[in-house]
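Beneath this line is the structure, given in structure tokens, with notes to follow.
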Amino acid sequence: MALARVHGIVRYFHPSDAVETMKWNPFLVRAAERMGTVASASEIGPRLEEIYGPIVEGFRVVPVGTAITRPQGEGPIVEWRHLGYGIDTDAASPYVSWRTHYAPVAGGKVKGGFFQHRGEAEAPVHAEPVMRVPVAAGLEAHVPVSLPLSAAKLSDARKAKLEEFAAALDAVPMAGDEATRAQAHADGIAAWNVARHFYPYWDVVKVDWEAGLRPWLLRQPATLTRDQLRDSLRALAEPLNDAQGEIADPRQLRNRAFLGISVRPAGERWVVDASLAPDKIKPGDVVSAVGGKPANAWFKERMALISGSAQHKRWRARYELTAGDKGETIAIRFTRGKESFEATLTYDQPRAVHEARPAALQEVKPGIHYVDASRFDKAAFEKALETMKDAKGVVFDLRGLPARDAVTLASHWVTRPDSAQWMFVPRIDRPGAMSSASWSLGWNVGPNATLAKAKKVLLVDGRTVGYGESLAGYFPAHSTGPVVGAASAGATGNIAIAPLPSGLGFIFTGMRVTRHDGKTPIHGKGFEPDTVVAPTLEGIRAGRDEALDRAVEIASGR
């Protein structure tokens with residue numbers, strides 16, 4: 001716990017050049033190993049100083065209330081500035097981190113937010129140059145967070161020591177197919193600190209983040225498989241209530257395959273809604289057991305590892321069943337009326353199976369057109385507009401991830417030029433996700449009147465997340481028409497990805513997104529439909545899309 005409390009503040013807020021040169025992942029594994037051998041409270045302070053002393057000057061662990069030793073030096077004051085989580089990000093990310101009077105790290109020199117903020121951000125924000133960090137009963141760490149430029153620079157002797165230290169870190173064993181307790185602790189402490197200092201929704205989720213870490217650390221066994229480590233980290237991150245949050249394993253993604261069925265939540269059950277072998281497994285078959293465990297218990301266990309709103313968790317849980325390692329099998333028991341049967345299915349499909357829908361662009365009823373954003377083709381849509389311009393109604397389906405060009409649809413929904421700023425990248429100047437300002441963004445959409453006469457209806461549910469929710473926001477913002485289905489997931493805005501020591505990645509929503517008033521949050525809530533449609537077992541068995549049927553009725557004026 002003492003290591004966790006200190007690590008993120010040193011890693012992300014100590015302004016020394018040493019912070020940018022350190023190999024932090026093996027460092028943290030080594031630090032977890034060293035702290036794991038502490039035998040008494042009296043050893044905590046000396047051990048932390050032993051760990052961090054070689055890297056950053058001015059780090060001390062002292063009795064609470066000990067006088068601060070102010071850093072000495074010349075030149076302008078150097079402090080960290082983070083527009084979101086700008087460490088380890090790629091060039092396409094809007095996030096960027098830099099030290100004042102330095103250029104951004106990670107090649108982020110061309111990012112607009114940096115230029116927008118650099119002038120005002122150069123001024124120091126810390127009233128005290130050294131932060132007091134409680135680490136254990138009666139002890140606090142003193143961590144410099146504001147340094148004169150000369151003190152942030154490294155002497156030749158200091159550089160040589162750091163190079164020697166970095167070389168020693170190359171010998172630190174890192175997690176592979178298995179992880180030790182120390183390696184697991186390193187991953188957990190890394191992810192916990194990224195969330196603690198960069199997650200933008202602490203005022204919304206209101207969770208005691210520190211209270212959850214201690215039991216998590218205690219639960220880690222002597223060794224874990226890689227899958228066990230991932231699930232353990234997912235459980236740690238679950239309270240963030242972030243439907244875009246995940247612990248990703250690049251190895252697993254490369255070996256991903258799918259079952260030949262699709263299932264969907266329906267009330268308290270999960271029901272087959274599509275099958276590549278309908279002679280054996282039919283739409284409407286209810287999943288009653290998975291791997292010999294009752295379905296409700298199996299899905300409950302999986303949902304405990306999924307972050308996000310309740311409506312998102314139930315949809316996300318279906319992928320826990322239908323996606324797996326290529327070639328692996330799973331035994332599933334199904335119920336069909338009074339009958340029950342078991343099937344052993346193989347993960348052998350290259351793509352997920354989806355429920356039946358109309359064609360991506362289709363006139364589903366005279367004068368009523370259907371547009372599926374997940375299969376959107378801009379050229380085909382623009383060609384179809386000639387036919388659709390006289391449509392009585394258009395149903396837009398956002399139940400899933402929209403295709404890249406689906407952003408085009410927003411111009412057909414807005415009734416006036418829309419320059420609303422509804423995405424906000426926080427500028428984090430102080431530990432604990434303390435934001436001083438934000439970089440505001442919007443899509444600046446202009447209206448296209450081609451479909452102005454048509455009655456427009458939007459379909460959403462718990463699969464509407466991320467880009468889908470950003471697009472959906474234009475519909476209620478302009479009172480374009482009724483929304484039908486179920487509540488959307490409640491998480492959108494660009495993600496950030498923090499690589500963990502094991503090679504797993506901690507993914508989280510890195511910016512604040514609101515409704516178009518710039519104030520009302522949608523995180524964890526989503527967009528509520530005007531007309532709620534709960535699919536029935538009978539409807540699924542009959543092959544009906546009851547939410548779409550209702551949307552078509554409304555678009556028809558009924």
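A note on labels: chains of the structure tokens are A, B, ... as shown, every chain counts residues from 1, and ligands are counted from 1 in their shown order.
Using only C-alpha atoms, the contacts of A:Ala454 at a cut-off of 7 Å, with sequence neighbours closer than 2 positions omitted, comprise A:Ala391, A:Lys392, A:Gly393, A:Val394, A:Leu451, A:Ala452, A:Lys456.
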*asked:* Using only C-alpha atoms, which protein or nucleic acid residues come within 7 Å of stretch 186-202 of chain A? Drop anything in the same chain fewer than 3 positions from it, and give the result as an NGL selection string.
replied: :A and (4 or 8 or 28-29 or 32 or 84-85 or 182-183 or 205-206 or 233 or 431-433 or 500-502 or 506 or 510-512)
Could those selected residues go to a file with C-alpha atoms, as a CSV table (one decimal), in the first residue's frame?
```csv
chain,number,residue,atom,x,y,z
A,4,ALA,CA,1.1,2.2,-4.4
A,8,GLY,CA,2.1,7.3,-9.2
A,28,LEU,CA,7.8,-1.5,-10.6
A,29,VAL,CA,8.2,-5.3,-10.6
A,32,ALA,CA,7.0,-4.8,-5.6
A,84,GLY,CA,-5.6,13.4,-20.3
A,85,TYR,CA,-3.3,10.4,-20.0
A,182,ALA,CA,5.1,-9.5,-7.1
A,183,GLN,CA,4.5,-9.3,-10.8
A,205,VAL,CA,-18.6,7.1,-9.7
A,206,LYS,CA,-17.8,8.2,-6.1
A,233,LEU,CA,-7.2,-6.9,-12.8
A,431,PRO,CA,-2.0,14.3,-8.4
A,432,GLY,CA,-5.5,12.7,-7.9
A,433,ALA,CA,-6.9,13.7,-11.3
A,500,LEU,CA,1.1,-2.7,-17.7
A,501,PRO,CA,4.4,-4.5,-16.7
A,502,SER,CA,3.0,-7.9,-17.8
A,506,PHE,CA,-5.4,-1.0,-19.1
A,510,GLY,CA,-9.8,9.4,-20.8
A,511,MET,CA,-12.1,12.4,-21.4
A,512,ARG,CA,-15.4,13.8,-20.0
```
*Identify, on the basis of only C-alpha atoms, every residue whose closest approach to A:Glu382 does not exceed 12 Å; exclude the query and any residue fewer than 5 positions from it along the same chain; express the result as a PyMOL selection string.*
chain A and resi 361+371+376-377+387-389+405-406+408-409+412+448+450-451
What does the file look like for those residues with N, CA and C atoms, as a short mmCIF file (atom, residue, chain, number, x, y, z; two decimals), in the first residue's frame?
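Written output follows (part_23.cif):
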```cif
data_model
loop_
_atom_site.label_atom_id
_atom_site.label_comp_id
_atom_site.auth_asym_id
_atom_site.auth_seq_id
_atom_site.Cartn_x
_atom_site.Cartn_y
_atom_site.Cartn_z
N LEU A 361 -29.16 -0.79 -46.08
CA LEU A 361 -30.03 0.28 -46.60
C LEU A 361 -31.22 -0.41 -47.25
N VAL A 371 -31.72 2.36 -42.03
CA VAL A 371 -30.28 2.62 -42.21
C VAL A 371 -29.55 2.04 -41.01
N PHE A 376 -22.71 0.90 -42.39
CA PHE A 376 -22.89 2.10 -43.20
C PHE A 376 -21.83 2.19 -44.29
N ASP A 377 -22.27 2.46 -45.50
CA ASP A 377 -21.38 2.71 -46.64
C ASP A 377 -21.75 4.08 -47.21
N THR A 387 -33.56 8.37 -53.67
CA THR A 387 -34.81 7.65 -53.42
C THR A 387 -35.41 8.03 -52.07
N MET A 388 -34.55 8.24 -51.09
CA MET A 388 -35.00 8.46 -49.72
C MET A 388 -35.53 9.87 -49.46
N LYS A 389 -35.22 10.81 -50.35
CA LYS A 389 -35.56 12.21 -50.07
C LYS A 389 -37.07 12.44 -49.91
N ASP A 405 -17.52 5.98 -41.49
CA ASP A 405 -18.16 7.09 -42.20
C ASP A 405 -19.58 7.38 -41.71
N ALA A 406 -20.07 6.63 -40.73
CA ALA A 406 -21.42 6.86 -40.24
C ALA A 406 -21.59 8.23 -39.60
N THR A 408 -21.37 10.78 -41.01
CA THR A 408 -22.13 11.52 -42.02
C THR A 408 -23.59 11.68 -41.62
N LEU A 409 -24.12 10.70 -40.89
CA LEU A 409 -25.54 10.73 -40.54
C LEU A 409 -25.92 11.93 -39.69
N HIS A 412 -27.67 14.84 -41.19
CA HIS A 412 -29.09 14.67 -41.55
C HIS A 412 -30.00 14.76 -40.33
N ASN A 448 -27.83 18.98 -43.35
CA ASN A 448 -28.13 18.55 -44.71
C ASN A 448 -29.64 18.31 -44.75
N THR A 450 -31.67 17.11 -47.00
CA THR A 450 -32.22 16.12 -47.94
C THR A 450 -33.36 15.31 -47.33
N LEU A 451 -33.22 14.92 -46.07
CA LEU A 451 -34.24 14.10 -45.40
C LEU A 451 -35.11 14.92 -44.46
#
```
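Between atom CA of A:Gly45 and atom CA of A:Thr180 the interatomic distance comes to 24.3 Å.
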*Please provide the set of residues having any atom within 6 Å of stretch 117-127 of chain A, restricted to only C-alpha atoms, with same-chain residues fewer than 2 positions apart removed, written as number ranges by chain.*
A: 100, 114-115
Expected file: the selected residues, N, CA and C atoms, as an mmCIF file, in the first residue's frame:
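Final file, selection35.cif:
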```
data_model
loop_
_atom_site.group_PDB
_atom_site.id
_atom_site.type_symbol
_atom_site.label_atom_id
_atom_site.label_comp_id
_atom_site.auth_asym_id
_atom_site.auth_seq_id
_atom_site.Cartn_x
_atom_site.Cartn_y
_atom_site.Cartn_z
ATOM 1 N N THR A 100 6.527 21.557 -18.095
ATOM 2 C CA THR A 100 6.623 22.968 -18.457
ATOM 3 C C THR A 100 8.070 23.304 -18.806
ATOM 4 N N PHE A 114 -2.032 20.652 -26.882
ATOM 5 C CA PHE A 114 -0.790 21.150 -26.301
ATOM 6 C C PHE A 114 -0.615 22.623 -26.642
ATOM 7 N N PHE A 115 -0.814 22.979 -27.903
ATOM 8 C CA PHE A 115 -0.642 24.372 -28.294
ATOM 9 C C PHE A 115 -1.703 25.266 -27.649
#
```
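Closest approach to A:Gln244 among A:Gly473, A:Pro482, A:Gly308, A:Gly113: A:Gly308, based on only C-alpha atoms.
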*Taking the backbone alone, and naming residues the way the document does, which bits of stretch 3-228 of chain A are strand (DSSP E or B) by DSSP, as a PyMOL selection string?*
chain A and resi 60-63+77-78+80-83+96-99+130-136+139-144+147-148+178-180+223-225
_For the alpha helix (DSSP H) assignment from backbone DSSP, which residues of stretch 168-325 of chain A qualify? Please present them as a PyMOL selection string._
chain A and resi 168-169+181-198+202-205+209-219+226-237+250-254+295-303+310-322
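Shortest separation to A:Thr346 among A:Val483, A:Leu385, A:Ile261, A:Ala289 occurs at residue A:Ile261, atoms counted being only C-alpha atoms.
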*Find the residue from A:Gly284, A:Pro350, A:Gly490, A:Gly58 that sits nearest to A:Glu538; use only C-alpha atoms when measuring.*
A:Gly284
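If you count only C-alpha atoms and ignore residues fewer than 3 places along the chain from A:Pro476, what sits within 12 Å of it is A:Ala410, A:Trp413, A:Val414, A:Thr415, A:Lys456, A:Val457, A:Leu458, A:Glu469, A:Ser470, A:Leu471, A:Ala472, A:Gly473, A:Ser479, A:Thr480, A:Gly481, A:Pro482, A:Val483, A:Val484, A:Arg515, A:His516, A:Asp517, A:Gly526, A:Phe527, A:Glu528, A:Pro529, A:Asp530.
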Those same residues - C-alpha atoms - I'd like them written as a CSV table (one decimal), in the first residue's frame.
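Saved result, part30.csv, follows:
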```csv
chain,number,residue,atom,x,y,z
A,410,ALA,CA,-25.3,13.5,-38.0
A,413,TRP,CA,-30.2,14.9,-37.9
A,414,VAL,CA,-29.2,18.5,-37.0
A,415,THR,CA,-31.6,21.3,-37.7
A,456,LYS,CA,-36.8,10.1,-38.1
A,457,VAL,CA,-36.5,7.4,-35.4
A,458,LEU,CA,-33.3,6.3,-33.7
A,469,GLU,CA,-23.1,7.3,-28.2
A,470,SER,CA,-21.2,10.3,-29.5
A,471,LEU,CA,-23.2,10.0,-32.7
A,472,ALA,CA,-26.4,9.4,-30.9
A,473,GLY,CA,-26.0,12.6,-28.9
A,479,SER,CA,-35.1,16.9,-31.0
A,480,THR,CA,-34.7,15.1,-34.3
A,481,GLY,CA,-37.2,12.5,-33.4
A,482,PRO,CA,-38.1,9.7,-30.9
A,483,VAL,CA,-35.5,7.3,-29.6
A,484,VAL,CA,-36.7,3.6,-29.3
A,515,ARG,CA,-24.9,16.1,-23.6
A,516,HIS,CA,-24.6,19.0,-26.0
A,517,ASP,CA,-25.4,21.5,-23.2
A,526,GLY,CA,-26.5,6.8,-21.3
A,527,PHE,CA,-29.4,8.1,-23.4
A,528,GLU,CA,-32.8,6.9,-22.3
A,529,PRO,CA,-35.3,6.0,-25.0
A,530,ASP,CA,-38.6,7.7,-25.4
```
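Between atom CA of A:Lys280 and atom CA of A:Ala534 there is a distance of 26.3 Å.
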*asked:* Need the shell around A:Ile495: protein/DNA/RNA residues with any atom at most 7 Å away, counting only C-alpha atoms. Skip same-chain ones fewer than 4 positions apart. Format as a ChimeraX atom specification?
replied: /A:507-510
Residues as selected, N, CA and C atoms, written as an mmCIF file, in the first residue's frame, can you do that?
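Once written, selection.cif looks like this:
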```cif
data_model
loop_
_atom_site.group_PDB
_atom_site.id
_atom_site.type_symbol
_atom_site.label_atom_id
_atom_site.label_comp_id
_atom_site.auth_asym_id
_atom_site.auth_seq_id
_atom_site.Cartn_x
_atom_site.Cartn_y
_atom_site.Cartn_z
ATOM 1 N N ILE A 507 -7.245 -0.199 -20.379
ATOM 2 C CA ILE A 507 -7.993 0.705 -21.252
ATOM 3 C C ILE A 507 -9.049 1.421 -20.424
ATOM 4 N N PHE A 508 -9.184 2.738 -20.608
ATOM 5 C CA PHE A 508 -10.209 3.482 -19.873
ATOM 6 C C PHE A 508 -10.608 4.715 -20.673
ATOM 7 N N THR A 509 -11.776 5.259 -20.360
ATOM 8 C CA THR A 509 -12.236 6.498 -20.991
ATOM 9 C C THR A 509 -11.442 7.655 -20.425
ATOM 10 N N GLY A 510 -10.781 8.413 -21.299
ATOM 11 C CA GLY A 510 -9.843 9.425 -20.831
ATOM 12 C C GLY A 510 -10.359 10.846 -20.852
#
```
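Each of A:Gln252, A:Phe424, A:Ala547, A:Ile554 was checked against A:Pro521 using only C-alpha atoms; the smallest atom-to-atom distance is that of A:Phe424.
Comparing A:Gly442, A:Pro129, A:Gly292, A:Gly267 by their smallest distance to A:Val533, the closest is A:Gly267 (using only C-alpha atoms).
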